[in-house]
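To keep things clear, I will list the structure first and then write my remarks on it.
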Amino acid sequence: FFFFLVWKLLKRIKMKLAIVASLIAGAAAFAPSKQSIRSSALNDSPYENEIGVVAPTGFFDPFGLSTNIDAETFEAYRASELKHGRVCMLAVIGYIVPEVFRFPGEIAPGVAFADIPNGVAAIEAVPSLGWLQMFFLIGATDYYGFLGDFDIGKKPVGKPDLEELQLNELQNGRLAMLAFLELLRHDSQNFVSPGFDGYDNLITGLPFLYE
């Protein structure tokens, strides 16, 4: 019986190794070669002087996404980067603010905003009516363009100032994307293994929030 269990275990391990090997081989088949990545990163691009090219990375396009594309496609990529950056800036604020402030009222009958935990744990705690409200609000905002070009708070600027502001927004959005990924990783790991890092608070990098 013991040898039978060992044989079954070895057979299962071999099967898993075969699956992993096939997945790696499949991924390698669709991955660009090192030579193509290197050449696309080194070739001059017509977009290397666009806003967002800053030291020390310079024009950072290791996968050659800007190679052989027209200006319209590049603008679509830039708009996507800008939109993702803005969403992540809001997401980072959405992680931090609930740690110190909750809106009064209820997200659904009998469920107060204060009863919803922060972070990943909120996915299960938010009732269906709450998800419907968020779904239709986000959909209406995106479809009707409620969050368009704001005039409130906008200062008159010349072209050099405008380019600097655009660069700042891109850089802040890029930083927010990295920050949100780290917040999500830390929160998810803490959700699976509570207290894994020895801290009681979610935003460990800003301890003054809890003073």
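Just so we're on the same page: first chain in the structure tokens is A, next is B, and so on; residues restart at 1 for each chain, and ligands are numbered from 1 in the order they show up.
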message: If we count only C-alpha atoms and set the cut-off at 10 Å, which residues sit around range 83-100 of chain A, ignoring sequence neighbours fewer than 3 positions away in its own chain? Please answer as number ranges by chain.
response: A: 77-80, 103, 113-114, 116-120, 169-181, 183-184, 187, 201-203, 206, 209-210
Mind writing the picked residues with C-alpha atoms as a tab-separated table (two decimals), in the first residue's frame?
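The file below, again_29.tsv, is the result:
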chain	number	residue	atom	x	y	z
A	77	TYR	CA	-2.52	54.73	-25.82
A	78	ARG	CA	-1.78	58.03	-24.10
A	79	ALA	CA	-5.47	58.57	-23.29
A	80	SER	CA	-5.62	55.07	-21.78
A	103	PHE	CA	-19.82	59.09	5.17
A	113	PHE	CA	-21.34	53.06	5.35
A	114	ALA	CA	-19.45	52.69	8.62
A	116	ILE	CA	-18.40	48.30	5.40
A	117	PRO	CA	-14.77	47.27	5.95
A	118	ASN	CA	-12.04	48.96	3.97
A	119	GLY	CA	-10.17	47.35	1.08
A	120	VAL	CA	-10.64	43.88	-0.34
A	169	GLU	CA	-0.50	64.59	-14.10
A	170	LEU	CA	1.08	61.77	-16.09
A	171	GLN	CA	3.81	61.28	-13.50
A	172	ASN	CA	1.37	61.38	-10.60
A	173	GLY	CA	-0.83	58.85	-12.38
A	174	ARG	CA	2.10	56.52	-13.00
A	175	LEU	CA	3.08	56.73	-9.34
A	176	ALA	CA	-0.53	56.11	-8.31
A	177	MET	CA	-0.70	52.97	-10.46
A	178	LEU	CA	2.34	51.56	-8.67
A	179	ALA	CA	1.01	52.67	-5.27
A	180	PHE	CA	-2.39	51.09	-5.87
A	181	LEU	CA	-0.81	47.79	-6.92
A	183	LEU	CA	-1.84	48.62	-1.57
A	184	LEU	CA	-3.84	45.89	-3.28
A	187	ASP	CA	-4.37	44.26	1.52
A	201	ASN	CA	-3.56	48.95	10.45
A	202	LEU	CA	-3.97	48.72	6.69
A	203	ILE	CA	-2.00	51.82	5.64
A	206	LEU	CA	1.16	56.48	7.05
A	209	LEU	CA	-3.43	58.54	10.18
A	210	TYR	CA	-4.20	56.46	13.25
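What separates CA of Ile123 in chain A from CA of Pro194 in chain A is a distance of 16.5 Å.
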task: Write out as a ChimeraX atom specification which residues come within 8 Å of Ala108 in chain A when counting only C-alpha atoms, dropping same-chain ones fewer than 6 positions away.
output: /A:127,129-130
Taking the backbone alone, and naming residues the way the document does, which bits of range 41-114 of chain A are helix (DSSP H, G or I) by DSSP, as an mmCIF file with N, CA, C and O atoms, in the first residue's frame?
data_model
loop_
_atom_site.group_PDB
_atom_site.id
_atom_site.type_symbol
_atom_site.label_atom_id
_atom_site.label_comp_id
_atom_site.auth_asym_id
_atom_site.auth_seq_id
_atom_site.Cartn_x
_atom_site.Cartn_y
_atom_site.Cartn_z
ATOM 1 N N ALA A 41 13.430 48.646 -28.672
ATOM 2 C CA ALA A 41 13.704 49.615 -27.616
ATOM 3 C C ALA A 41 14.782 50.601 -28.046
ATOM 4 O O ALA A 41 14.794 51.749 -27.615
ATOM 5 N N LEU A 42 15.698 50.174 -28.915
ATOM 6 C CA LEU A 42 16.808 51.029 -29.299
ATOM 7 C C LEU A 42 16.505 51.891 -30.507
ATOM 8 O O LEU A 42 17.122 52.934 -30.710
ATOM 9 N N ALA A 71 -0.221 58.255 -35.372
ATOM 10 C CA ALA A 71 -0.415 59.221 -34.291
ATOM 11 C C ALA A 71 -1.738 58.999 -33.569
ATOM 12 O O ALA A 71 -1.831 59.192 -32.351
ATOM 13 N N GLU A 72 -2.752 58.571 -34.293
ATOM 14 C CA GLU A 72 -4.054 58.336 -33.673
ATOM 15 C C GLU A 72 -3.972 57.202 -32.654
ATOM 16 O O GLU A 72 -4.550 57.278 -31.568
ATOM 17 N N THR A 73 -3.257 56.138 -33.005
ATOM 18 C CA THR A 73 -3.090 55.016 -32.077
ATOM 19 C C THR A 73 -2.283 55.423 -30.859
ATOM 20 O O THR A 73 -2.604 55.046 -29.726
ATOM 21 N N PHE A 74 -1.248 56.229 -31.083
ATOM 22 C CA PHE A 74 -0.445 56.692 -29.954
ATOM 23 C C PHE A 74 -1.289 57.544 -29.009
ATOM 24 O O PHE A 74 -1.179 57.425 -27.789
ATOM 25 N N GLU A 75 -2.127 58.405 -29.567
ATOM 26 C CA GLU A 75 -2.994 59.239 -28.730
ATOM 27 C C GLU A 75 -3.972 58.377 -27.943
ATOM 28 O O GLU A 75 -4.317 58.695 -26.796
ATOM 29 N N ALA A 76 -4.424 57.275 -28.553
ATOM 30 C CA ALA A 76 -5.325 56.364 -27.831
ATOM 31 C C ALA A 76 -4.590 55.699 -26.670
ATOM 32 O O ALA A 76 -5.139 55.548 -25.573
ATOM 33 N N TYR A 77 -3.338 55.295 -26.900
ATOM 34 C CA TYR A 77 -2.518 54.728 -25.816
ATOM 35 C C TYR A 77 -2.312 55.760 -24.705
ATOM 36 O O TYR A 77 -2.419 55.433 -23.518
ATOM 37 N N ARG A 78 -2.011 56.976 -25.088
ATOM 38 C CA ARG A 78 -1.778 58.026 -24.103
ATOM 39 C C ARG A 78 -3.050 58.314 -23.303
ATOM 40 O O ARG A 78 -3.007 58.515 -22.080
ATOM 41 N N ALA A 79 -4.200 58.347 -23.983
ATOM 42 C CA ALA A 79 -5.470 58.572 -23.288
ATOM 43 C C ALA A 79 -5.753 57.447 -22.296
ATOM 44 O O ALA A 79 -6.247 57.695 -21.190
ATOM 45 N N SER A 80 -5.421 56.206 -22.687
ATOM 46 C CA SER A 80 -5.620 55.070 -21.783
ATOM 47 C C SER A 80 -4.707 55.184 -20.566
ATOM 48 O O SER A 80 -5.131 54.921 -19.433
ATOM 49 N N GLU A 81 -3.456 55.573 -20.787
ATOM 50 C CA GLU A 81 -2.524 55.750 -19.671
ATOM 51 C C GLU A 81 -3.018 56.840 -18.728
ATOM 52 O O GLU A 81 -2.988 56.680 -17.500
ATOM 53 N N LEU A 82 -3.487 57.927 -19.291
ATOM 54 C CA LEU A 82 -3.974 59.033 -18.483
ATOM 55 C C LEU A 82 -5.206 58.631 -17.686
ATOM 56 O O LEU A 82 -5.323 58.939 -16.491
ATOM 57 N N LYS A 83 -6.125 57.896 -18.329
ATOM 58 C CA LYS A 83 -7.344 57.474 -17.648
ATOM 59 C C LYS A 83 -7.025 56.481 -16.527
ATOM 60 O O LYS A 83 -7.565 56.588 -15.413
ATOM 61 N N HIS A 84 -6.135 55.525 -16.798
ATOM 62 C CA HIS A 84 -5.762 54.571 -15.755
ATOM 63 C C HIS A 84 -5.065 55.283 -14.594
ATOM 64 O O HIS A 84 -5.260 54.923 -13.422
ATOM 65 N N GLY A 85 -4.246 56.275 -14.909
ATOM 66 C CA GLY A 85 -3.586 57.031 -13.852
ATOM 67 C C GLY A 85 -4.583 57.775 -12.982
ATOM 68 O O GLY A 85 -4.467 57.791 -11.751
ATOM 69 N N ARG A 86 -5.583 58.384 -13.603
ATOM 70 C CA ARG A 86 -6.599 59.109 -12.836
ATOM 71 C C ARG A 86 -7.410 58.158 -11.963
ATOM 72 O O ARG A 86 -7.716 58.465 -10.806
ATOM 73 N N VAL A 87 -7.780 57.011 -12.528
ATOM 74 C CA VAL A 87 -8.530 56.019 -11.745
ATOM 75 C C VAL A 87 -7.714 55.559 -10.550
ATOM 76 O O VAL A 87 -8.232 55.424 -9.431
ATOM 77 N N CYS A 88 -6.432 55.320 -10.752
ATOM 78 C CA CYS A 88 -5.592 54.848 -9.658
ATOM 79 C C CYS A 88 -5.346 55.932 -8.619
ATOM 80 O O CYS A 88 -5.206 55.626 -7.423
ATOM 81 N N MET A 89 -5.286 57.194 -9.030
ATOM 82 C CA MET A 89 -5.175 58.262 -8.045
ATOM 83 C C MET A 89 -6.408 58.280 -7.148
ATOM 84 O O MET A 89 -6.305 58.424 -5.918
ATOM 85 N N LEU A 90 -7.592 58.097 -7.755
ATOM 86 C CA LEU A 90 -8.813 58.002 -6.958
ATOM 87 C C LEU A 90 -8.807 56.740 -6.102
ATOM 88 O O LEU A 90 -9.286 56.755 -4.959
ATOM 89 N N ALA A 91 -8.280 55.642 -6.647
ATOM 90 C CA ALA A 91 -8.260 54.385 -5.898
ATOM 91 C C ALA A 91 -7.364 54.478 -4.671
ATOM 92 O O ALA A 91 -7.695 53.948 -3.600
ATOM 93 N N VAL A 92 -6.221 55.151 -4.807
ATOM 94 C CA VAL A 92 -5.329 55.327 -3.653
ATOM 95 C C VAL A 92 -6.021 56.166 -2.583
ATOM 96 O O VAL A 92 -5.973 55.837 -1.388
ATOM 97 N N ILE A 93 -6.682 57.254 -3.011
ATOM 98 C CA ILE A 93 -7.443 58.065 -2.057
ATOM 99 C C ILE A 93 -8.550 57.218 -1.430
ATOM 100 O O ILE A 93 -8.841 57.328 -0.237
ATOM 101 N N GLY A 94 -9.159 56.360 -2.254
ATOM 102 C CA GLY A 94 -10.222 55.499 -1.751
ATOM 103 C C GLY A 94 -9.744 54.463 -0.752
ATOM 104 O O GLY A 94 -10.535 53.944 0.039
ATOM 105 N N TYR A 95 -8.469 54.141 -0.791
ATOM 106 C CA TYR A 95 -7.888 53.257 0.221
ATOM 107 C C TYR A 95 -7.587 54.014 1.510
ATOM 108 O O TYR A 95 -7.761 53.486 2.615
ATOM 109 N N ILE A 96 -7.126 55.255 1.387
ATOM 110 C CA ILE A 96 -6.640 55.999 2.545
ATOM 111 C C ILE A 96 -7.781 56.650 3.329
ATOM 112 O O ILE A 96 -7.856 56.524 4.559
ATOM 113 N N VAL A 97 -8.692 57.344 2.638
ATOM 114 C CA VAL A 97 -9.728 58.118 3.316
ATOM 115 C C VAL A 97 -10.616 57.266 4.226
ATOM 116 O O VAL A 97 -10.900 57.673 5.368
ATOM 117 N N PRO A 98 -11.099 56.078 3.795
ATOM 118 C CA PRO A 98 -11.962 55.303 4.695
ATOM 119 C C PRO A 98 -11.293 54.858 5.994
ATOM 120 O O PRO A 98 -11.985 54.426 6.923
ATOM 121 N N GLU A 99 -9.978 54.951 6.053
ATOM 122 C CA GLU A 99 -9.299 54.613 7.301
ATOM 123 C C GLU A 99 -9.535 55.666 8.380
ATOM 124 O O GLU A 99 -9.388 55.379 9.571
ATOM 125 N N PHE A 113 -22.661 52.946 5.953
ATOM 126 C CA PHE A 113 -21.339 53.064 5.346
ATOM 127 C C PHE A 113 -20.249 52.658 6.329
ATOM 128 O O PHE A 113 -19.243 52.051 5.941
ATOM 129 N N ALA A 114 -20.452 53.000 7.597
ATOM 130 C CA ALA A 114 -19.450 52.692 8.623
ATOM 131 C C ALA A 114 -19.305 51.203 8.869
ATOM 132 O O ALA A 114 -18.298 50.760 9.439
#
